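The file coords34.txt contains compact mmCIF, C-alpha atoms and all ligand atoms:
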# COMPACT_ATOMS: atom_id res chain seq x y z
CA MET K 1330 120.61 82.79 59.25
CA ILE K 1331 123.79 84.06 60.85
CA ASN K 1332 125.12 81.57 63.34
CA ARG K 1333 125.31 83.48 66.58
CA THR K 1334 126.85 81.73 69.52
CA PHE K 1335 127.39 82.39 73.20
CA PRO K 1336 129.35 84.07 74.74
CA ALA K 1337 130.18 86.42 71.80
CA THR K 1338 126.44 86.89 71.54
CA ARG K 1339 124.46 87.61 74.65
CA LEU K 1340 120.86 88.28 73.61
CA ARG K 1341 120.28 89.75 77.05
CA ARG K 1342 122.53 92.75 76.14
CA ASN K 1343 119.73 94.28 74.07
CA ARG K 1344 117.40 93.90 77.02
CA HIS K 1345 119.83 95.59 79.41
CA ASP K 1346 118.01 98.86 79.94
CA ASP K 1347 114.85 100.61 78.94
CA ALA K 1348 116.48 102.85 76.32
CA THR K 1349 117.95 99.86 74.49
CA ARG K 1350 114.74 97.87 74.77
CA ARG K 1351 112.88 100.76 73.16
CA LEU K 1352 115.43 101.00 70.34
CA VAL K 1353 115.14 97.33 69.40
CA ALA K 1354 111.36 96.97 69.84
CA GLU K 1355 109.92 95.28 66.74
CA ASN K 1356 106.27 96.23 67.15
CA LYS K 1357 104.38 99.14 68.53
CA LEU K 1358 100.75 99.76 69.38
CA SER K 1359 99.37 103.17 68.49
CA VAL K 1360 96.02 104.87 68.88
CA ASP K 1361 95.65 104.54 65.09
CA ASP K 1362 95.24 100.78 65.58
CA LEU K 1363 92.13 101.00 67.74
CA ILE K 1364 88.46 100.53 66.86
CA TRP K 1365 86.10 100.99 69.80
CA PRO K 1366 82.87 98.91 69.79
CA ILE K 1367 79.97 100.66 71.52
CA PHE K 1368 76.48 99.50 72.48
CA ILE K 1369 73.48 101.74 72.02
CA ARG K 1370 70.01 101.44 73.49
CA GLU K 1371 66.57 103.00 73.12
CA GLY K 1372 65.25 105.44 75.70
CA THR K 1373 66.99 108.25 77.47
CA GLY K 1374 69.11 108.82 80.54
CA ALA K 1375 72.10 107.22 82.19
CA ALA K 1376 74.12 104.51 80.44
CA GLU K 1377 73.55 100.97 81.76
CA GLU K 1378 76.60 98.87 82.58
CA VAL K 1379 76.67 95.41 80.96
CA ALA K 1380 76.83 92.98 83.89
CA SER K 1381 79.27 90.57 82.24
CA MET K 1382 81.43 93.40 80.84
CA PRO K 1383 82.31 95.75 83.71
CA GLY K 1384 83.27 99.16 82.34
CA VAL K 1385 81.22 98.67 79.15
CA PHE K 1386 77.87 100.45 78.81
CA ARG K 1387 74.69 100.53 76.76
CA THR K 1388 74.25 104.20 75.95
CA ALA K 1389 71.01 105.98 75.05
CA LEU K 1390 71.09 108.39 72.13
CA ASP K 1391 70.76 111.52 74.28
CA GLY K 1392 74.04 110.61 75.98
CA LEU K 1393 75.83 109.29 72.89
CA ALA K 1394 77.83 112.37 71.94
CA ARG K 1395 79.06 112.73 75.54
CA HIS K 1396 79.89 109.00 75.71
CA VAL K 1397 82.15 109.34 72.67
CA GLU K 1398 83.76 112.65 73.65
CA GLU K 1399 86.80 111.11 75.32
CA ALA K 1400 87.42 108.68 72.44
CA ALA K 1401 87.25 111.63 70.04
CA SER K 1402 89.66 113.73 72.09
CA LEU K 1403 92.07 110.77 72.24
CA ASN K 1404 91.87 110.62 68.42
CA ILE K 1405 90.53 107.06 68.20
CA PRO K 1406 89.97 106.63 64.45
CA ALA K 1407 86.87 104.43 64.40
CA LEU K 1408 83.82 103.28 66.33
CA ALA K 1409 81.87 100.05 65.76
CA LEU K 1410 78.16 100.38 66.55
CA PHE K 1411 75.97 97.66 68.04
CA PRO K 1412 72.30 98.19 68.85
CA ALA K 1413 70.37 96.61 71.73
CA THR K 1414 67.03 96.42 69.94
CA PRO K 1415 63.92 96.36 72.16
CA ARG K 1416 62.14 93.01 72.07
CA GLU K 1417 58.99 94.55 70.58
CA HIS K 1418 60.95 95.58 67.48
CA LYS K 1419 62.26 92.06 66.82
CA ASP K 1420 60.65 89.57 64.47
CA ALA K 1421 61.55 86.38 62.58
CA GLU K 1422 62.80 88.27 59.51
CA GLY K 1423 64.76 90.98 61.32
CA THR K 1424 62.66 93.66 59.60
CA GLU K 1425 63.90 96.39 61.93
CA ALA K 1426 67.35 96.10 60.30
CA LEU K 1427 65.87 97.79 57.22
CA ASN K 1428 64.17 100.65 59.06
CA PRO K 1429 65.95 103.91 58.08
CA ASP K 1430 65.15 105.22 61.56
CA ASN K 1431 66.32 102.22 63.55
CA LEU K 1432 68.63 102.72 66.52
CA MET K 1433 71.78 102.15 64.51
CA CYS K 1434 70.87 104.67 61.79
CA ARG K 1435 69.84 107.34 64.28
CA ALA K 1436 73.09 106.81 66.20
CA ALA K 1437 75.10 107.04 62.97
CA ARG K 1438 73.47 110.35 62.06
CA ILE K 1439 74.20 111.82 65.50
CA LEU K 1440 77.82 110.68 65.45
CA LYS K 1441 78.50 111.85 61.88
CA LYS K 1442 77.19 115.28 62.80
CA GLU K 1443 79.13 115.57 66.07
CA TYR K 1444 82.33 113.82 65.02
CA PRO K 1445 82.56 113.81 61.21
CA HIS K 1446 86.17 112.61 61.21
CA ILE K 1447 85.53 109.41 63.17
CA ALA K 1448 84.92 106.43 60.88
CA LEU K 1449 81.79 104.45 61.75
CA VAL K 1450 81.84 100.68 61.39
CA GLY K 1451 78.39 99.11 60.95
CA ASP K 1452 77.86 95.48 61.87
CA VAL K 1453 75.78 93.78 59.21
CA ALA K 1454 73.95 90.68 60.51
CA LEU K 1455 70.40 90.16 61.67
CA ASP K 1456 70.95 88.89 65.23
CA PRO K 1457 70.19 92.21 66.95
CA TYR K 1458 66.84 92.26 65.15
CA THR K 1459 65.57 88.64 65.00
CA ASP K 1460 63.39 87.12 67.71
CA HIS K 1461 65.30 83.82 67.29
CA GLY K 1462 68.73 85.46 67.65
CA HIS K 1463 70.24 84.11 64.41
CA ASP K 1464 72.26 86.24 61.98
CA GLY K 1465 69.98 85.33 59.08
CA VAL K 1466 66.43 84.13 58.45
CA LEU K 1467 65.16 80.61 59.09
CA ARG K 1468 63.55 78.35 56.51
CA ASP K 1469 62.53 74.97 57.96
CA GLY K 1470 64.80 75.64 60.93
CA TYR K 1471 67.90 76.27 58.79
CA VAL K 1472 69.50 79.70 58.34
CA HIS K 1473 68.77 80.17 54.63
CA ASN K 1474 71.76 81.53 52.75
CA GLU K 1475 70.32 83.38 49.76
CA ASP K 1476 67.22 84.70 51.53
CA SER K 1477 69.45 86.03 54.31
CA VAL K 1478 71.90 87.63 51.88
CA LYS K 1479 69.09 89.57 50.17
CA ILE K 1480 68.14 91.15 53.49
CA LEU K 1481 71.77 91.78 54.46
CA VAL K 1482 72.34 93.72 51.24
CA ALA K 1483 69.36 95.95 52.05
CA GLN K 1484 70.64 96.33 55.62
CA ALA K 1485 74.07 97.40 54.36
CA VAL K 1486 72.58 99.99 51.97
CA ASN K 1487 70.35 101.28 54.79
CA GLN K 1488 73.41 101.75 57.02
CA ALA K 1489 75.47 103.41 54.29
CA ALA K 1490 72.61 105.85 53.66
CA ALA K 1491 72.65 106.76 57.36
CA GLY K 1492 76.36 107.59 57.20
CA ILE K 1493 78.12 104.35 58.10
CA ASP K 1494 81.57 104.48 56.48
CA ILE K 1495 82.68 100.87 56.81
CA ILE K 1496 80.23 98.01 56.36
CA ALA K 1497 81.28 95.01 58.46
CA PRO K 1498 79.31 91.87 57.61
CA SER K 1499 79.54 89.49 60.58
CA ASP K 1500 76.90 87.01 59.44
CA MET K 1501 79.11 84.42 57.68
CA MET K 1502 76.65 83.71 54.84
CA ASP K 1503 78.31 82.52 51.61
CA GLY K 1504 78.52 85.12 48.84
CA ARG K 1505 77.44 88.07 50.94
CA ILE K 1506 80.48 90.24 50.29
CA GLY K 1507 79.97 90.20 46.51
CA ALA K 1508 76.25 90.83 46.89
CA ILE K 1509 76.78 93.69 49.36
CA ARG K 1510 79.47 95.27 47.16
CA ALA K 1511 77.12 95.18 44.16
CA GLY K 1512 74.24 96.54 46.25
CA LEU K 1513 76.33 99.42 47.61
CA ASP K 1514 77.64 100.30 44.16
CA GLU K 1515 74.18 100.24 42.60
CA SER K 1516 73.01 102.68 45.26
CA GLY K 1517 75.97 104.98 44.58
CA PHE K 1518 78.00 104.09 47.68
CA ILE K 1519 81.11 103.27 45.69
CA ASN K 1520 83.47 104.49 48.41
CA THR K 1521 81.81 102.77 51.34
CA ARG K 1522 84.40 100.30 52.56
CA ILE K 1523 83.75 96.67 53.44
CA MET K 1524 85.56 95.14 56.39
CA SER K 1525 84.55 91.53 56.19
CA TYR K 1526 84.35 89.33 59.26
CA ALA K 1527 86.01 86.81 56.95
CA ALA K 1528 87.11 84.13 59.40
CA LYS K 1529 84.59 84.17 62.20
CA TYR K 1530 84.44 81.17 64.47
CA ALA K 1531 81.53 79.65 66.40
CA SER K 1532 82.96 80.71 69.74
CA ALA K 1533 82.07 80.54 73.41
CA PHE K 1534 83.78 83.90 73.83
CA TYR K 1535 80.79 85.85 72.42
CA GLY K 1536 78.67 85.15 75.51
CA PRO K 1537 78.89 88.59 77.17
CA PHE K 1538 78.19 90.36 73.83
CA ARG K 1539 74.92 88.48 73.47
CA ASP K 1540 73.97 89.75 76.95
CA ALA K 1541 74.93 93.27 75.89
CA ILE K 1542 72.65 93.36 72.83
CA GLY K 1543 70.04 91.08 74.39
CA SER K 1544 70.22 88.30 71.78
CA GLY K 1545 71.62 85.60 74.06
CA GLY K 1546 68.48 84.42 75.83
CA ALA K 1547 66.63 84.46 72.52
CA LEU K 1548 69.12 82.35 70.56
CA LYS K 1549 67.69 78.98 69.60
CA GLY K 1550 70.46 76.42 69.16
CA ASP K 1551 73.89 77.58 68.05
CA LYS K 1552 75.54 79.23 65.03
CA LYS K 1553 77.63 76.26 63.92
CA THR K 1554 76.00 75.92 60.48
CA TYR K 1555 77.46 79.29 59.47
CA GLN K 1556 80.26 80.28 61.85
CA MET K 1557 83.50 78.29 61.54
CA ASN K 1558 84.68 75.27 63.49
CA PRO K 1559 87.47 76.33 65.89
CA ALA K 1560 89.43 73.28 64.71
CA ASN K 1561 90.03 74.76 61.24
CA ALA K 1562 92.78 76.98 59.84
CA GLU K 1563 92.92 76.13 56.09
CA GLU K 1564 89.23 76.83 55.85
CA ALA K 1565 89.90 80.33 57.20
CA LEU K 1566 92.22 80.97 54.26
CA ALA K 1567 89.49 79.82 51.86
CA GLU K 1568 86.99 82.17 53.53
CA VAL K 1569 89.41 85.10 53.32
CA ALA K 1570 90.32 84.37 49.68
CA MET K 1571 86.66 84.35 48.66
CA ASP K 1572 85.85 87.56 50.52
CA ILE K 1573 88.81 89.30 48.88
CA ALA K 1574 87.73 88.06 45.45
CA GLU K 1575 84.22 89.36 46.13
CA GLY K 1576 85.48 92.85 46.98
CA ALA K 1577 86.39 93.07 50.67
CA ASP K 1578 88.69 96.05 51.38
CA MET K 1579 89.79 94.75 54.77
CA VAL K 1580 89.43 91.37 56.41
CA MET K 1581 88.92 90.38 60.01
CA VAL K 1582 89.60 87.36 62.19
CA LYS K 1583 87.36 86.79 65.19
CA PRO K 1584 87.74 86.05 68.11
CA GLY K 1585 91.23 87.45 68.66
CA MET K 1586 93.60 86.03 71.24
CA PRO K 1587 92.82 82.31 70.71
CA TYR K 1588 93.13 82.82 66.91
CA LEU K 1589 96.37 84.80 66.46
CA ASP K 1590 97.75 81.92 64.41
CA ILE K 1591 94.98 82.61 61.89
CA VAL K 1592 95.87 86.32 61.80
CA ARG K 1593 99.46 85.41 61.02
CA LEU K 1594 98.50 82.92 58.28
CA VAL K 1595 96.15 85.42 56.63
CA LYS K 1596 98.74 88.21 56.80
CA GLN K 1597 101.41 86.02 55.23
CA ARG K 1598 99.13 84.77 52.43
CA PHE K 1599 97.32 87.93 51.33
CA GLU K 1600 98.35 91.53 50.67
CA MET K 1601 95.49 92.90 52.71
CA PRO K 1602 94.90 94.92 55.85
CA VAL K 1603 93.99 92.35 58.52
CA PHE K 1604 92.03 93.16 61.65
CA ALA K 1605 91.10 91.10 64.69
CA TYR K 1606 88.26 91.43 67.15
CA GLN K 1607 89.24 91.03 70.79
CA VAL K 1608 85.73 89.90 71.69
CA SER K 1609 83.55 90.34 74.73
CA GLY K 1610 84.66 87.13 76.47
CA GLU K 1611 88.33 88.04 76.08
CA TYR K 1612 87.62 91.44 77.64
CA ALA K 1613 85.59 89.82 80.43
CA MET K 1614 88.38 87.35 81.28
CA ILE K 1615 90.99 90.06 81.74
CA VAL K 1616 88.70 92.42 83.64
CA ALA K 1617 87.37 89.67 85.92
CA ALA K 1618 90.85 88.45 86.80
CA ALA K 1619 92.00 92.02 87.42
CA ARG K 1620 88.99 92.68 89.67
CA ASN K 1621 89.99 89.67 91.72
CA GLY K 1622 93.49 91.04 92.08
CA TRP K 1623 94.90 88.19 89.98
CA LEU K 1624 96.19 90.26 87.06
CA ASP K 1625 97.44 93.81 86.61
CA HIS K 1626 94.64 95.25 84.47
CA ASP K 1627 96.62 97.76 82.45
CA ARG K 1628 99.63 95.57 81.84
CA ALA K 1629 97.49 92.62 80.74
CA MET K 1630 95.45 94.94 78.49
CA MET K 1631 98.50 96.46 76.77
CA GLU K 1632 100.28 93.10 76.41
CA SER K 1633 97.21 91.49 74.84
CA LEU K 1634 96.88 94.36 72.33
CA LEU K 1635 100.57 94.29 71.43
CA GLY K 1636 100.15 90.57 70.69
CA PHE K 1637 97.71 91.47 67.92
CA LYS K 1638 100.26 93.80 66.33
CA ARG K 1639 102.99 91.16 66.56
CA ALA K 1640 100.71 88.65 64.84
CA GLY K 1641 100.25 91.05 61.92
CA CYS K 1642 97.12 93.09 62.60
CA SER K 1643 96.60 96.52 61.07
CA GLY K 1644 94.11 97.22 63.82
CA ILE K 1645 92.07 95.74 66.65
CA LEU K 1646 88.43 96.02 67.61
CA THR K 1647 88.64 96.16 71.39
CA TYR K 1648 86.51 97.22 74.34
CA PHE K 1649 89.79 98.43 75.86
CA ALA K 1650 90.21 101.08 73.12
CA VAL K 1651 89.66 104.12 75.34
CA GLY K 1652 91.71 102.76 78.24
CA ALA K 1653 94.54 101.79 75.92
CA ALA K 1654 94.47 105.15 74.10
CA LYS K 1655 94.72 106.88 77.48
CA ARG K 1656 97.75 104.81 78.39
CA LEU K 1657 99.36 105.51 75.02
CA SER K 1658 98.89 109.26 75.33
CA ALA K 1659 100.04 109.46 78.97
C1 LIG I 1 76.80 89.26 65.56
C2 LIG I 1 78.06 89.59 66.24
C3 LIG I 1 78.58 88.91 67.34
C4 LIG I 1 79.70 89.63 67.75
C5 LIG I 1 79.87 90.70 66.85
N1 LIG I 1 78.85 90.65 65.91
C6 LIG I 1 78.07 87.76 68.11
C7 LIG I 1 77.70 86.50 67.47
O1 LIG I 1 78.09 86.18 66.35
O2 LIG I 1 76.94 85.78 68.12
C8 LIG I 1 80.52 89.28 68.94
C9 LIG I 1 81.34 90.37 69.53
C10 LIG I 1 81.83 90.11 70.91
O3 LIG I 1 81.66 89.02 71.49
O4 LIG I 1 82.42 91.04 71.46
N2 LIG I 1 76.69 88.92 64.30
Can you present the structure in this file as structure tokens?
Amino acid sequence: MINRTFPATRLRRNRHDDATRRLVAENKLSVDDLIWPIFIREGTGAAEEVASMPGVFRTALDGLARHVEEAASLNIPALALFPATPREHKDAEGTEALNPDNLMCRAARILKKEYPHIALVGDVALDPYTDHGHDGVLRDGYVHNEDSVKILVAQAVNQAAAGIDIIAPSDMMDGRIGAIRAGLDESGFINTRIMSYAAKYASAFYGPFRDAIGSGGALKGDKKTYQMNPANAEEALAEVAMDIAEGADMVMVKPGMPYLDIVRLVKQRFEMPVFAYQVSGEYAMIVAAARNGWLDHDRAMMESLLGFKRAGCSGILTYFAVGAAKRLSA
């Protein structure tokens, strides 16, 4: 390190004016960094706003193409799809996840037809489909690893067949990335990418999401036997290393803002594209404070997203994607 001392060096000089600040900026957010998660519902008609996520909607399939129009015109590269499955289609084994005409697959077919250049990210986990709200299947009250993985492989192949480009397993079962890679390859989907939710923590910040897909009330207990303990960082590196060895093309850290240290550690350790998910509770915090007049919505949004880039993210899953893209193109 060069030894720079005051007053020959004044670090404030490079902050003197906007032009200079732009020249020396180390990181930059672009529309290419944004993945927009969207919620889809059965039925027809107007989109329903999610109470705990103002500005986020559950969209019926007849309004889906229109809902995505602005994101497409802003050139957002990818959408992540999440279904709000009607209660009558849920069961203990999450059978609906394997239905080739489930909500997710029908949405994927519509979107691929309307917007073939937008990449579709498919969440692979059983919680939108199980009546107990867990990401896998229960055996004697425990989420059974191997039995769950078998179903997740079939779910991933079902999604790929419907046109999902990027399979994103969020279930945190051991060994699922290798099993899903093999299952996709056997079915001929050799170019379907896997973005693994590699380091996913058992977090309070998922609360509003569970309202959005209607799994919250149903959830018995918690997800601590499969999602990670927020106290752990080394374990995240072990999770990421295994997912890479099993064939992940991209890895993700989730939640986002409270876990930027994990993003940085993963980025430094592995030559891999790293993503983070700015989850529902993070979105809700910023929007709620802004609605109270306590934060400037747009500035807080853009600052939070830039933080992900600074930490080392290739991209961010964020409910702010459309708002941020609008700001970036203004
Ligand atoms: C489900 C899943 C969750 C989220 C994405 N996929 C919730 C959970 O694990 O309970 C959370 C996303 C968010 O909070 O925005 N497997």
Query raised in the report: Interatomic distance between CA of Gly1543 (chain K) and CA of Arg1620 (chain K)?
Result: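 Result for CA of Gly1543 (chain K) versus CA of Arg1620 (chain K): 24.4 Å, one decimal.
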Contacts to ligand LIG 1 (chain I) at 7 Å cut-off (only C-alpha atoms and all ligand atoms) as a CSV table (one decimal) with C-alpha atoms, in the frame of the given file:
chain,number,residue,atom,x,y,z
K,1452,ASP,CA,77.9,95.5,61.9
K,1454,ALA,CA,74.0,90.7,60.5
K,1455,LEU,CA,70.4,90.2,61.7
K,1456,ASP,CA,71.0,88.9,65.2
K,1464,ASP,CA,72.3,86.2,62.0
K,1499,SER,CA,79.5,89.5,60.6
K,1500,ASP,CA,76.9,87.0,59.4
K,1534,PHE,CA,83.8,83.9,73.8
K,1535,TYR,CA,80.8,85.8,72.4
K,1536,GLY,CA,78.7,85.2,75.5
K,1537,PRO,CA,78.9,88.6,77.2
K,1538,PHE,CA,78.2,90.4,73.8
K,1539,ARG,CA,74.9,88.5,73.5
K,1607,GLN,CA,89.2,91.0,70.8
K,1608,VAL,CA,85.7,89.9,71.7
K,1609,SER,CA,83.6,90.3,74.7
K,1610,GLY,CA,84.7,87.1,76.5
Requested in this report: Enter the distance from CA of Thr1388 (chain K) to CA of Arg1370 (chain K), in Å, rounded to one decimal.
Outcome: 5.6 Å
Query raised in the report: Which polymer residues have any atom within 12 Å of an atom of Glu1398 (chain K), counting only C-alpha atoms, with same-chain residues fewer than 6 positions away left out, as number ranges by chain?
Result: K: 1392, 1404-1405, 1408, 1440, 1443-1444, 1447, 1651
Report task. Could you tell me which of K:Ser1658, K:Thr1554, K:Thr1373, K:Asn1561 comes closest to Gly1470 (chain K) if we count only C-alpha atoms? Result ->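 Closest to Gly1470 (chain K), using only C-alpha atoms: K:Thr1554.
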Can you report as JSON the centre and edge lengths in Å, to one decimal, of an axis-aligned box around the listed atoms of region 1536-1551 of chain K padded with 6 Å on each side?
{"center_x": 72.8, "center_y": 84.9, "center_z": 72.6, "size_x": 24.3, "size_y": 28.9, "size_z": 21.1}
Report summary line: Using only C-alpha atoms, the residue out of K:Ile1591, K:Ala1567, K:Ile1519, K:Ala1653 with shortest distance to Val1486 (chain K) is K:Ile1519
Query raised in the report: So which one's closest to Lys1596 (chain K), K:Lys1583, K:Ala1511, K:Met1557, K:Arg1639? Using only C-alpha atoms, please.
Result: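 The answer is K:Arg1639, which sits nearest to Lys1596 (chain K).
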Query - Contacts of Gly1462 (chain K) within 7 Å, only C-alpha atoms, excl. fewer than 2 positions in-chain, as a ChimeraX atom specification - result: /K:1456-1457,1459-1460,1464,1544,1547-1549
Report task. For Ala1531 (chain K), please output as number ranges by chain all residues within 7 Å (counting only C-alpha atoms; exclusion window: fewer than 4 positions along the same chain). Result -> K: 1552-1553, 1556-1559
Query raised in the report: Counting only C-alpha atoms, which of K:Val1580, K:Leu1363, K:Leu1646, K:Ala1565 gets nearest to Ile1523 (chain K)?
Result: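 Smallest distance to Ile1523 (chain K) is found for K:Val1580.
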Report task. Please indicate the distance in Å from CA of Glu1564 (chain K) to CA of Tyr1526 (chain K), rounded to one decimal place. Result ->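 Between CA of Glu1564 (chain K) and CA of Tyr1526 (chain K) the gap works out to 13.8 Å.
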How about completing region 1616-1632 of chain K with N, CA, C and O atoms and giving it to me as a PDB file, in the frame of the given file?
ATOM      1  N   VAL K1616      89.258  91.525  82.625  1.00  0.00           N
ATOM      2  CA  VAL K1616      88.700  92.420  83.640  1.00  0.00           C
ATOM      3  C   VAL K1616      88.331  91.649  84.909  1.00  0.00           C
ATOM      4  O   VAL K1616      88.585  92.114  86.025  1.00  0.00           O
ATOM      5  N   ALA K1617      87.757  90.456  84.742  1.00  0.00           N
ATOM      6  CA  ALA K1617      87.370  89.670  85.920  1.00  0.00           C
ATOM      7  C   ALA K1617      88.600  89.267  86.735  1.00  0.00           C
ATOM      8  O   ALA K1617      88.599  89.372  87.963  1.00  0.00           O
ATOM      9  N   ALA K1618      89.641  88.839  86.067  1.00  0.00           N
ATOM     10  CA  ALA K1618      90.850  88.450  86.800  1.00  0.00           C
ATOM     11  C   ALA K1618      91.461  89.660  87.505  1.00  0.00           C
ATOM     12  O   ALA K1618      91.894  89.560  88.658  1.00  0.00           O
ATOM     13  N   ALA K1619      91.444  90.803  86.811  1.00  0.00           N
ATOM     14  CA  ALA K1619      92.000  92.020  87.420  1.00  0.00           C
ATOM     15  C   ALA K1619      91.189  92.424  88.641  1.00  0.00           C
ATOM     16  O   ALA K1619      91.737  92.834  89.665  1.00  0.00           O
ATOM     17  N   ARG K1620      89.854  92.304  88.535  1.00  0.00           N
ATOM     18  CA  ARG K1620      88.990  92.680  89.670  1.00  0.00           C
ATOM     19  C   ARG K1620      89.197  91.788  90.872  1.00  0.00           C
ATOM     20  O   ARG K1620      88.907  92.163  91.994  1.00  0.00           O
ATOM     21  N   ASN K1621      89.672  90.571  90.622  1.00  0.00           N
ATOM     22  CA  ASN K1621      89.990  89.670  91.720  1.00  0.00           C
ATOM     23  C   ASN K1621      91.404  89.883  92.263  1.00  0.00           C
ATOM     24  O   ASN K1621      91.837  89.149  93.135  1.00  0.00           O
ATOM     25  N   GLY K1622      92.115  90.811  91.650  1.00  0.00           N
ATOM     26  CA  GLY K1622      93.490  91.040  92.080  1.00  0.00           C
ATOM     27  C   GLY K1622      94.462  90.020  91.517  1.00  0.00           C
ATOM     28  O   GLY K1622      95.596  89.903  91.988  1.00  0.00           O
ATOM     29  N   TRP K1623      94.050  89.265  90.516  1.00  0.00           N
ATOM     30  CA  TRP K1623      94.900  88.190  89.980  1.00  0.00           C
ATOM     31  C   TRP K1623      95.762  88.618  88.811  1.00  0.00           C
ATOM     32  O   TRP K1623      96.689  87.924  88.421  1.00  0.00           O
ATOM     33  N   LEU K1624      95.413  89.743  88.187  1.00  0.00           N
ATOM     34  CA  LEU K1624      96.190  90.260  87.060  1.00  0.00           C
ATOM     35  C   LEU K1624      96.280  91.769  87.221  1.00  0.00           C
ATOM     36  O   LEU K1624      95.365  92.388  87.754  1.00  0.00           O
ATOM     37  N   ASP K1625      97.352  92.352  86.695  1.00  0.00           N
ATOM     38  CA  ASP K1625      97.440  93.810  86.610  1.00  0.00           C
ATOM     39  C   ASP K1625      96.667  94.229  85.363  1.00  0.00           C
ATOM     40  O   ASP K1625      97.066  93.911  84.238  1.00  0.00           O
ATOM     41  N   HIS K1626      95.550  94.918  85.563  1.00  0.00           N
ATOM     42  CA  HIS K1626      94.640  95.250  84.470  1.00  0.00           C
ATOM     43  C   HIS K1626      95.340  95.910  83.287  1.00  0.00           C
ATOM     44  O   HIS K1626      95.248  95.448  82.144  1.00  0.00           O
ATOM     45  N   ASP K1627      96.055  96.991  83.558  1.00  0.00           N
ATOM     46  CA  ASP K1627      96.620  97.760  82.450  1.00  0.00           C
ATOM     47  C   ASP K1627      97.735  97.013  81.728  1.00  0.00           C
ATOM     48  O   ASP K1627      97.837  97.067  80.503  1.00  0.00           O
ATOM     49  N   ARG K1628      98.543  96.312  82.498  1.00  0.00           N
ATOM     50  CA  ARG K1628      99.630  95.570  81.840  1.00  0.00           C
ATOM     51  C   ARG K1628      99.084  94.437  80.993  1.00  0.00           C
ATOM     52  O   ARG K1628      99.542  94.191  79.875  1.00  0.00           O
ATOM     53  N   ALA K1629      98.077  93.731  81.514  1.00  0.00           N
ATOM     54  CA  ALA K1629      97.490  92.620  80.740  1.00  0.00           C
ATOM     55  C   ALA K1629      96.806  93.173  79.482  1.00  0.00           C
ATOM     56  O   ALA K1629      96.903  92.583  78.393  1.00  0.00           O
ATOM     57  N   MET K1630      96.118  94.305  79.627  1.00  0.00           N
ATOM     58  CA  MET K1630      95.450  94.940  78.490  1.00  0.00           C
ATOM     59  C   MET K1630      96.465  95.296  77.396  1.00  0.00           C
ATOM     60  O   MET K1630      96.294  94.926  76.228  1.00  0.00           O
ATOM     61  N   MET K1631      97.541  95.991  77.775  1.00  0.00           N
ATOM     62  CA  MET K1631      98.500  96.460  76.770  1.00  0.00           C
ATOM     63  C   MET K1631      99.255  95.280  76.142  1.00  0.00           C
ATOM     64  O   MET K1631      99.530  95.278  74.948  1.00  0.00           O
ATOM     65  N   GLU K1632      99.566  94.268  76.947  1.00  0.00           N
ATOM     66  CA  GLU K1632     100.280  93.100  76.410  1.00  0.00           C
ATOM     67  C   GLU K1632      99.401  92.348  75.410  1.00  0.00           C
ATOM     68  O   GLU K1632      99.862  91.908  74.351  1.00  0.00           O
TER      69      GLU K1632
END
